[in-house]
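Reviewing the structure listed below.
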Amino acid sequence: MVKPDGVQRGLVGDIVDRFETRGLTLVGAKFTQIDDDLAAEHYAEHEDKPFFDDLTTFITSGPVFAMVWQGQDAIRQVRRMMGETDPADSAPGTIRGDFGLDLGRNVIHGSDHEDEGSAEREIGLFFDEDELVDWEQVNEDWLYE
Ligand code: DAT
Ligand code: MG
């Protein structure tokens, strides 16, 4: 999900482009503004952290662009493309390493590949089942051996 800072800075197109050209398949997308209840649910794992209020204030501060991408090892590959949680620690070439400087403005959210089921849970928070499209990319034979 492109966070409010990424949307405001006009980075949606670049971020979509990276996932598309990597070979992932877009199966859902939604431009929306998160309300307080959804923010609390989305970041429930962090509710006891000192940064929770700042985090939920930030994520509700403007529109976000939520996406569902599918492909081989998609969750982990997206995390690698995002970089580290802190843009200051993120390698150039990653999304956070190319577009961010500050931990509290790190441009993108991605589901946790180490937390089994987090992607499924988060997809359920943002999308109804009929908003996800089951389709086959024509170039699949050229992306996978
Ligand atoms: P990630 O977004 O890489 O999955 P996370 O789930 O640990 O990272 O934390 C969620 C968001 O909370 C993160 O994108 C930025 C913010 N955050 C994390 N750790 C923080 C900290 N120590 N101080 C302030 N904000 C923090
Ligand atoms: Mg996380």
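We label chains A, B, ... in the order they appear in the structure tokens, count residues from 1 in each chain, and number ligands from 1 in the order shown.
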What do you get as a JSON list (two decimals) with C-alpha atoms, in the first residue's frame if you pick all residues at most 9 Å from ligand 1, counting only C-alpha atoms and all ligand atoms?
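Result file selection.json:
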```json
[["chain", "number", "residue", "atom", "x", "y", "z"],
["A", 43, "TYR", "CA", -1.83, -1.83, 12.83],
["A", 45, "GLU", "CA", 0.12, -5.66, 16.22],
["A", 46, "HIS", "CA", 1.63, -2.28, 17.15],
["A", 49, "LYS", "CA", 4.08, 0.58, 20.90],
["A", 50, "PRO", "CA", 4.92, 4.20, 21.76],
["A", 51, "PHE", "CA", 4.66, 5.20, 18.08],
["A", 52, "PHE", "CA", 1.14, 3.77, 17.61],
["A", 54, "ASP", "CA", 1.65, 8.84, 15.40],
["A", 55, "LEU", "CA", 1.41, 5.87, 13.05],
["A", 56, "THR", "CA", -2.40, 5.78, 12.95],
["A", 79, "ARG", "CA", 9.37, -6.77, 1.06],
["A", 82, "MET", "CA", 10.50, -2.08, -0.30],
["A", 83, "GLY", "CA", 13.77, -2.06, 1.66],
["A", 84, "GLU", "CA", 14.09, -1.87, 5.44],
["A", 85, "THR", "CA", 11.47, -0.34, 7.75],
["A", 86, "ASP", "CA", 13.69, 2.74, 8.18],
["A", 103, "LEU", "CA", 11.16, 6.29, 9.59],
["A", 104, "GLY", "CA", 7.81, 8.04, 10.08],
["A", 105, "ARG", "CA", 7.48, 8.79, 6.35],
["A", 106, "ASN", "CA", 8.50, 5.53, 4.74],
["A", 107, "VAL", "CA", 6.22, 5.73, 1.68],
["A", 108, "ILE", "CA", 4.94, 2.17, 1.50],
["A", 109, "HIS", "CA", 3.37, -0.58, 3.60],
["A", 110, "GLY", "CA", 3.81, -4.24, 2.77],
["A", 111, "SER", "CA", 2.49, -7.38, 4.41],
["A", 112, "ASP", "CA", 4.93, -9.22, 6.62]]
```
When you look at Arg80 in chain A with a cut-off of 12 Å (counting only C-alpha atoms), what residues show up, excluding the ones that are within fewer than 2 positions of it in the same chain? I need them as JSON, numbers by chain.
{"A": [19, 22, 73, 74, 75, 76, 77, 78, 82, 83, 84, 85, 90, 91, 92, 93, 94, 95, 96, 97, 110, 111, 112, 113]}
Write down as a VMD selection string the residues belonging to chain A that are assigned strand (DSSP E or B) by DSSP computed on the backbone.
chain A and resid 2 25 to 32 64 to 70 92 94 102 105 108
What's around Val7 in chain A at 9 Å? Count only C-alpha atoms, leave out sequence neighbours fewer than 3 positions away in its own chain, and write the answer as a PyMOL selection string.
chain A and resi 2-4+10-12+62-65+107
Output as a PyMOL selection string all residues of range 68-103 of chain A that backbone DSSP marks as helix (DSSP H, G or I).
chain A and resi 74-82+87-89+95-99
With N, CA and C atoms retained, could you export that selection as a PDB file, in the first residue's frame?
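Below you can see selection-v6.pdb, which holds the result:
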```
ATOM      1  N   ALA A  74       5.711 -13.785  -3.896  1.00  0.00           N
ATOM      2  CA  ALA A  74       5.366 -12.349  -4.002  1.00  0.00           C
ATOM      3  C   ALA A  74       5.560 -11.571  -2.704  1.00  0.00           C
ATOM      4  N   ILE A  75       5.125 -12.140  -1.583  1.00  0.00           N
ATOM      5  CA  ILE A  75       5.171 -11.359  -0.335  1.00  0.00           C
ATOM      6  C   ILE A  75       6.617 -11.007   0.023  1.00  0.00           C
ATOM      7  N   ARG A  76       7.480 -12.003  -0.047  1.00  0.00           N
ATOM      8  CA  ARG A  76       8.879 -11.752   0.318  1.00  0.00           C
ATOM      9  C   ARG A  76       9.578 -10.859  -0.703  1.00  0.00           C
ATOM     10  N   GLN A  77       9.273 -11.061  -1.986  1.00  0.00           N
ATOM     11  CA  GLN A  77       9.927 -10.234  -3.011  1.00  0.00           C
ATOM     12  C   GLN A  77       9.500  -8.762  -2.899  1.00  0.00           C
ATOM     13  N   VAL A  78       8.230  -8.553  -2.587  1.00  0.00           N
ATOM     14  CA  VAL A  78       7.768  -7.169  -2.389  1.00  0.00           C
ATOM     15  C   VAL A  78       8.495  -6.543  -1.202  1.00  0.00           C
ATOM     16  N   ARG A  79       8.639  -7.295  -0.110  1.00  0.00           N
ATOM     17  CA  ARG A  79       9.372  -6.769   1.062  1.00  0.00           C
ATOM     18  C   ARG A  79      10.808  -6.414   0.670  1.00  0.00           C
ATOM     19  N   ARG A  80      11.439  -7.239  -0.130  1.00  0.00           N
ATOM     20  CA  ARG A  80      12.824  -6.947  -0.541  1.00  0.00           C
ATOM     21  C   ARG A  80      12.871  -5.679  -1.389  1.00  0.00           C
ATOM     22  N   MET A  81      11.857  -5.519  -2.252  1.00  0.00           N
ATOM     23  CA  MET A  81      11.815  -4.324  -3.097  1.00  0.00           C
ATOM     24  C   MET A  81      11.525  -3.066  -2.283  1.00  0.00           C
ATOM     25  N   MET A  82      10.812  -3.224  -1.152  1.00  0.00           N
ATOM     26  CA  MET A  82      10.503  -2.077  -0.295  1.00  0.00           C
ATOM     27  C   MET A  82      11.727  -1.560   0.441  1.00  0.00           C
ATOM     28  N   PRO A  87      13.851   4.064   6.139  1.00  0.00           N
ATOM     29  CA  PRO A  87      14.472   4.429   4.857  1.00  0.00           C
ATOM     30  C   PRO A  87      15.966   4.715   4.973  1.00  0.00           C
ATOM     31  N   ALA A  88      16.383   5.182   6.154  1.00  0.00           N
ATOM     32  CA  ALA A  88      17.802   5.493   6.349  1.00  0.00           C
ATOM     33  C   ALA A  88      18.673   4.240   6.282  1.00  0.00           C
ATOM     34  N   ASP A  89      18.085   3.096   6.548  1.00  0.00           N
ATOM     35  CA  ASP A  89      18.823   1.829   6.488  1.00  0.00           C
ATOM     36  C   ASP A  89      18.579   1.085   5.178  1.00  0.00           C
ATOM     37  N   ILE A  95      12.453   0.798  -2.722  1.00  0.00           N
ATOM     38  CA  ILE A  95      11.473   1.895  -2.727  1.00  0.00           C
ATOM     39  C   ILE A  95      11.762   2.870  -1.587  1.00  0.00           C
ATOM     40  N   ARG A  96      11.930   2.335  -0.381  1.00  0.00           N
ATOM     41  CA  ARG A  96      12.211   3.236   0.745  1.00  0.00           C
ATOM     42  C   ARG A  96      13.595   3.860   0.630  1.00  0.00           C
ATOM     43  N   GLY A  97      14.533   3.133   0.059  1.00  0.00           N
ATOM     44  CA  GLY A  97      15.885   3.653  -0.111  1.00  0.00           C
ATOM     45  C   GLY A  97      15.983   4.701  -1.210  1.00  0.00           C
ATOM     46  N   ASP A  98      15.063   4.675  -2.142  1.00  0.00           N
ATOM     47  CA  ASP A  98      15.068   5.668  -3.229  1.00  0.00           C
ATOM     48  C   ASP A  98      14.195   6.878  -2.906  1.00  0.00           C
ATOM     49  N   PHE A  99      13.143   6.661  -2.107  1.00  0.00           N
ATOM     50  CA  PHE A  99      12.137   7.727  -1.952  1.00  0.00           C
ATOM     51  C   PHE A  99      12.015   8.276  -0.541  1.00  0.00           C
TER      52      PHE A  99
END
```
Which is closer to ligand 2 than all the others in A:Thr21, A:Gln137, A:Gln72, A:Ser118, using only C-alpha atoms and all ligand atoms?
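Under the stated criterion, the closest residue is A:Ser118.
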Could you build a table of the residues in range 18-84 of chain A lying no more than 9 Å from range 119-126 of chain A, giving for each the nearest pair of atoms and their separation in Å rounded to one decimal place, using only C-alpha atoms, ordered by chain and ascending residue number, as CSV?
```
residue,atom,partner,partner_atom,distance
A:Lys30,CA,A:Phe126,CA,8.0
A:Leu38,CA,A:Leu125,CA,7.5
A:Glu41,CA,A:Leu125,CA,8.2
A:His42,CA,A:Glu122,CA,6.8
A:Ala66,CA,A:Phe126,CA,7.4
A:Met67,CA,A:Ile123,CA,8.6
A:Val68,CA,A:Ile123,CA,7.2
A:Ile75,CA,A:Ala119,CA,7.6
```
